[in-house]
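> My structure file structure-v4.pdb, PDB, C-alpha atoms, pLDDT in the B column, is below:
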MODEL        1
ATOM      1  CA  MET A  33     -46.144  36.460   1.975  1.00 85.00           C
ATOM      2  CA  THR A  34     -45.391  39.506   4.059  1.00 94.00           C
ATOM      3  CA  TYR A  35     -44.991  40.684   7.603  1.00 98.00           C
ATOM      4  CA  VAL A  36     -47.600  42.836   9.320  1.00 98.00           C
ATOM      5  CA  VAL A  37     -47.390  45.407  12.114  1.00 98.00           C
ATOM      6  CA  VAL A  38     -50.165  44.875  14.660  1.00 98.00           C
ATOM      7  CA  GLU A  39     -51.664  46.763  17.587  1.00 97.00           C
ATOM      8  CA  GLY A  40     -48.644  46.387  19.886  1.00 97.00           C
ATOM      9  CA  CYS A  41     -46.932  49.188  17.952  1.00 98.00           C
ATOM     10  CA  ILE A  42     -49.664  51.737  18.660  1.00 98.00           C
ATOM     11  CA  ASN A  43     -48.424  54.530  20.935  1.00 97.00           C
ATOM     12  CA  CYS A  44     -44.972  52.924  21.155  1.00 96.00           C
ATOM     13  CA  LYS A  45     -43.441  53.182  17.680  1.00 96.00           C
ATOM     14  CA  HIS A  46     -40.095  51.536  18.343  1.00 96.00           C
ATOM     15  CA  THR A  47     -38.069  51.568  15.143  1.00 97.00           C
ATOM     16  CA  ASP A  48     -35.499  48.842  15.780  1.00 97.00           C
ATOM     17  CA  CYS A  49     -37.214  46.992  12.919  1.00 98.00           C
ATOM     18  CA  VAL A  50     -36.622  49.863  10.510  1.00 98.00           C
ATOM     19  CA  SER A  51     -32.874  49.819  11.109  1.00 96.00           C
ATOM     20  CA  VAL A  52     -32.563  46.201   9.891  1.00 98.00           C
ATOM     21  CA  CYS A  53     -35.011  46.234   6.972  1.00 98.00           C
ATOM     22  CA  PRO A  54     -33.086  45.694   3.718  1.00 97.00           C
ATOM     23  CA  VAL A  55     -35.852  47.100   1.489  1.00 98.00           C
ATOM     24  CA  ASP A  56     -37.228  50.088   3.449  1.00 97.00           C
ATOM     25  CA  CYS A  57     -40.814  48.819   3.484  1.00 98.00           C
ATOM     26  CA  PHE A  58     -41.819  50.495   6.770  1.00 98.00           C
ATOM     27  CA  TYR A  59     -44.072  53.535   6.755  1.00 98.00           C
ATOM     28  CA  GLU A  60     -44.553  55.940   9.653  1.00 98.00           C
ATOM     29  CA  GLY A  61     -47.788  57.259  11.039  1.00 98.00           C
ATOM     30  CA  GLU A  62     -48.412  59.571  13.936  1.00 97.00           C
ATOM     31  CA  ASN A  63     -48.445  56.777  16.519  1.00 97.00           C
ATOM     32  CA  MET A  64     -47.367  53.543  14.822  1.00 98.00           C
ATOM     33  CA  LEU A  65     -45.545  51.996  11.884  1.00 98.00           C
ATOM     34  CA  VAL A  66     -46.880  49.738   9.129  1.00 98.00           C
ATOM     35  CA  ILE A  67     -45.291  47.469   6.540  1.00 98.00           C
ATOM     36  CA  HIS A  68     -46.099  47.837   2.846  1.00 98.00           C
ATOM     37  CA  PRO A  69     -47.129  44.282   1.843  1.00 96.00           C
ATOM     38  CA  GLY A  70     -46.101  44.802  -1.770  1.00 96.00           C
ATOM     39  CA  GLU A  71     -42.579  45.829  -0.794  1.00 98.00           C
ATOM     40  CA  CYS A  72     -41.857  43.365   2.030  1.00 98.00           C
ATOM     41  CA  ILE A  73     -39.622  40.519   0.847  1.00 97.00           C
ATOM     42  CA  ASP A  74     -40.627  38.216   3.727  1.00 97.00           C
ATOM     43  CA  CYS A  75     -37.061  37.996   5.059  1.00 97.00           C
ATOM     44  CA  GLY A  76     -38.253  38.080   8.694  1.00 97.00           C
ATOM     45  CA  ILE A  77     -35.291  40.091   9.952  1.00 97.00           C
ATOM     46  CA  CYS A  78     -37.575  42.719  11.495  1.00 98.00           C
ATOM     47  CA  GLU A  79     -39.730  40.400  13.603  1.00 98.00           C
ATOM     48  CA  PRO A  80     -37.242  39.578  16.400  1.00 98.00           C
ATOM     49  CA  GLU A  81     -36.126  43.223  16.579  1.00 97.00           C
ATOM     50  CA  CYS A  82     -39.501  44.493  17.803  1.00 97.00           C
ATOM     51  CA  PRO A  83     -39.512  44.877  21.609  1.00 95.00           C
ATOM     52  CA  GLU A  84     -43.332  44.978  21.561  1.00 95.00           C
ATOM     53  CA  ASP A  85     -43.772  41.711  19.607  1.00 96.00           C
ATOM     54  CA  ALA A  86     -45.849  43.792  17.190  1.00 97.00           C
ATOM     55  CA  ILE A  87     -44.585  42.279  13.937  1.00 98.00           C
ATOM     56  CA  LYS A  88     -46.186  39.048  12.752  1.00 98.00           C
ATOM     57  CA  SER A  89     -46.028  36.883   9.657  1.00 97.00           C
ATOM     58  CA  ASP A  90     -49.198  37.097   7.589  1.00 94.00           C
ATOM     59  CA  THR A  91     -49.334  33.302   7.721  1.00 94.00           C
ATOM     60  CA  GLU A  92     -50.570  33.557  11.328  1.00 95.00           C
ATOM     61  CA  SER A  93     -54.330  33.377  11.658  1.00 95.00           C
ATOM     62  CA  GLY A  94     -56.465  36.342  12.650  1.00 95.00           C
ATOM     63  CA  LEU A  95     -54.326  39.034  11.043  1.00 96.00           C
ATOM     64  CA  GLU A  96     -56.523  39.767   8.051  1.00 95.00           C
ATOM     65  CA  LYS A  97     -57.684  43.177   9.324  1.00 96.00           C
ATOM     66  CA  TRP A  98     -54.089  44.171  10.131  1.00 97.00           C
ATOM     67  CA  LEU A  99     -52.979  43.221   6.633  1.00 97.00           C
ATOM     68  CA  VAL A 100     -55.644  45.575   5.248  1.00 97.00           C
ATOM     69  CA  ILE A 101     -54.660  48.353   7.702  1.00 98.00           C
ATOM     70  CA  ASN A 102     -50.967  47.993   6.808  1.00 98.00           C
ATOM     71  CA  ALA A 103     -51.698  48.057   3.070  1.00 97.00           C
ATOM     72  CA  GLU A 104     -54.013  51.077   3.254  1.00 98.00           C
ATOM     73  CA  LEU A 105     -51.814  53.195   5.511  1.00 98.00           C
ATOM     74  CA  ALA A 106     -48.553  52.356   3.715  1.00 98.00           C
ATOM     75  CA  ASN A 107     -50.081  54.001   0.666  1.00 97.00           C
ATOM     76  CA  VAL A 108     -50.633  57.334   2.453  1.00 97.00           C
ATOM     77  CA  TRP A 109     -47.886  57.536   5.091  1.00 98.00           C
ATOM     78  CA  PRO A 110     -44.253  58.431   4.372  1.00 97.00           C
ATOM     79  CA  VAL A 111     -41.547  55.783   4.255  1.00 98.00           C
ATOM     80  CA  ILE A 112     -39.228  55.601   7.253  1.00 98.00           C
ATOM     81  CA  ALA A 113     -35.737  54.272   6.599  1.00 96.00           C
ATOM     82  CA  GLU A 114     -33.798  55.280   9.716  1.00 96.00           C
ATOM     83  CA  GLN A 115     -34.213  54.432  13.367  1.00 96.00           C
ATOM     84  CA  ILE A 116     -35.688  57.170  15.582  1.00 96.00           C
ATOM     85  CA  GLU A 117     -36.505  57.369  19.275  1.00 96.00           C
ATOM     86  CA  PRO A 118     -39.719  55.604  20.361  1.00 96.00           C
ATOM     87  CA  MET A 119     -42.659  57.662  21.518  1.00 96.00           C
ATOM     88  CA  LYS A 120     -42.242  59.281  24.941  1.00 96.00           C
ATOM     89  CA  GLU A 121     -45.165  57.302  26.333  1.00 95.00           C
ATOM     90  CA  ALA A 122     -43.990  53.936  24.952  1.00 96.00           C
ATOM     91  CA  GLU A 123     -43.237  52.412  28.356  1.00 95.00           C
ATOM     92  CA  GLN A 124     -46.691  53.167  29.766  1.00 96.00           C
ATOM     93  CA  TRP A 125     -48.339  51.590  26.682  1.00 96.00           C
ATOM     94  CA  LYS A 126     -46.145  48.460  26.682  1.00 94.00           C
ATOM     95  CA  GLY A 127     -48.314  45.337  26.821  1.00 92.00           C
ATOM     96  CA  VAL A 128     -51.630  47.218  26.882  1.00 95.00           C
ATOM     97  CA  ILE A 129     -54.396  45.233  25.183  1.00 94.00           C
ATOM     98  CA  GLY A 130     -57.068  46.952  23.093  1.00 95.00           C
ATOM     99  CA  LYS A 131     -54.900  49.781  21.737  1.00 96.00           C
ATOM    100  CA  GLU A 132     -56.521  49.578  18.309  1.00 95.00           C
ATOM    101  CA  VAL A 133     -59.052  52.250  19.327  1.00 96.00           C
ATOM    102  CA  HIS A 134     -56.118  54.664  19.667  1.00 96.00           C
ATOM    103  CA  LEU A 135     -54.805  54.097  16.132  1.00 96.00           C
ATOM    104  CA  SER A 136     -54.270  57.450  14.443  1.00 95.00           C
ATOM    105  CA  LYS A 137     -54.410  57.329  10.672  1.00 96.00           C
ATOM    106  CA  ASN A 138     -52.531  60.621  10.440  1.00 95.00           C
ATOM    107  CA  PRO A 139     -48.981  60.884   9.154  1.00 94.00           C
ATOM    108  CA  PRO A 140     -46.360  62.106  11.637  1.00 93.00           C
ATOM    109  CA  ALA A 141     -46.402  65.796  12.446  1.00 84.00           C
ATOM    110  CA  GLU A 142     -43.850  67.903  10.600  1.00 71.00           C
ATOM    111  CA  VAL A 143     -41.041  68.929  12.900  1.00 51.00           C
TER
ENDMDL
END
Rewrite the structure from the file as structure tokens, please.

Amino acid sequence: MTYVVVEGCINCKHTDCVSVCPVDCFYEGENMLVIHPGECIDCGICEPECPEDAIKSDTESGLEKWLVINAELANVWPVIAEQIEPMKEAEQWKGVIGKEVHLSKNPPAEV
């Protein structure tokens, strides 16, 4: 079993979850995070830390496409192991439904 980041993270990218993860299984994209399913130890520590309720157990129904998205993008995005500031527009995107169309599959821009 694993945990999965879902659409609530898109355009928010809070990283409270990253700061508590004991195995550094989060990967950072341009506008969201994902969890590498092969690295997640199913401890569940990250789930309550997400202010967007964007982390779910893969035992919940209807998450199959998000499990695939997390697995694919974790293989191309860089690992993130430290907490950073959320995206500037996070508040305006909080609770928005249908954000999947805004998912960027790009890694974060080099600073």
> Can you tell me, as a list in words, which residues sit within 12 Å of (-51.5, 56.9, 0.6) in the file's frame, using all atoms listed in the file?
Tyr59, Glu60, Gly61, His68, Ile101, Asn102, Ala103, Glu104, Leu105, Ala106, Asn107, Val108, Trp109, Pro110, Val111, Lys137, Asn138 and Pro139 of chain A
> List every protein, DNA or RNA residue that has at least one atom no more than 10 Å from (-43.0, 43.1, 21.8) in the file's coordinates, counting all atoms listed in the file, and write the result as JSON, numbers by chain.
{"A": [40, 41, 46, 79, 80, 81, 82, 83, 84, 85, 86, 87, 126, 127]}
> Residues picked by the PyMOL selection byres ((chain A and resi 114) around 8) here, as a PyMOL selection string?
chain A and resi 47+50-51+112-113+115-116
> Kindly indicate which residue among A:Pro140, A:Glu62, A:Met33, A:Val133 lies nearest to Ser89 in chain A, using all atoms listed in the file for the distances.
A:Met33
> Kindly resolve the PyMOL selection byres ((chain A and resi 67) around 6) on the present coordinates and return the residues as a ChimeraX atom specification.
/A:36,57-58,66,68-69,102
> When you count all atoms listed in the file, which of these residues is closest to Cys75 in chain A: A:Glu121, A:Cys44, A:Trp98, A:Val52?
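The closest residue to Cys75 in chain A is A:Val52.
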> Rank nothing, just name the residue among A:Cys78, A:Asn43, A:His134, A:Tyr35 nearest to Lys120 in chain A, using only C-alpha atoms.
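Comparing A:Cys78, A:Asn43, A:His134, A:Tyr35 against Lys120 in chain A, the winner is A:Asn43.
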> Point out the residue among A:Leu95, A:Val37, A:Ile42, A:Val55 with the least atom-to-atom distance to Glu132 in chain A, counting only C-alpha atoms.
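Closest to Glu132 in chain A, using only C-alpha atoms: A:Ile42.
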> Could you check how far CA of Lys45 in chain A sits from CA of Pro118 in chain A, in Å to one decimal?
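Straight-line distance from CA of Lys45 in chain A to CA of Pro118 in chain A works out to 5.2 Å.
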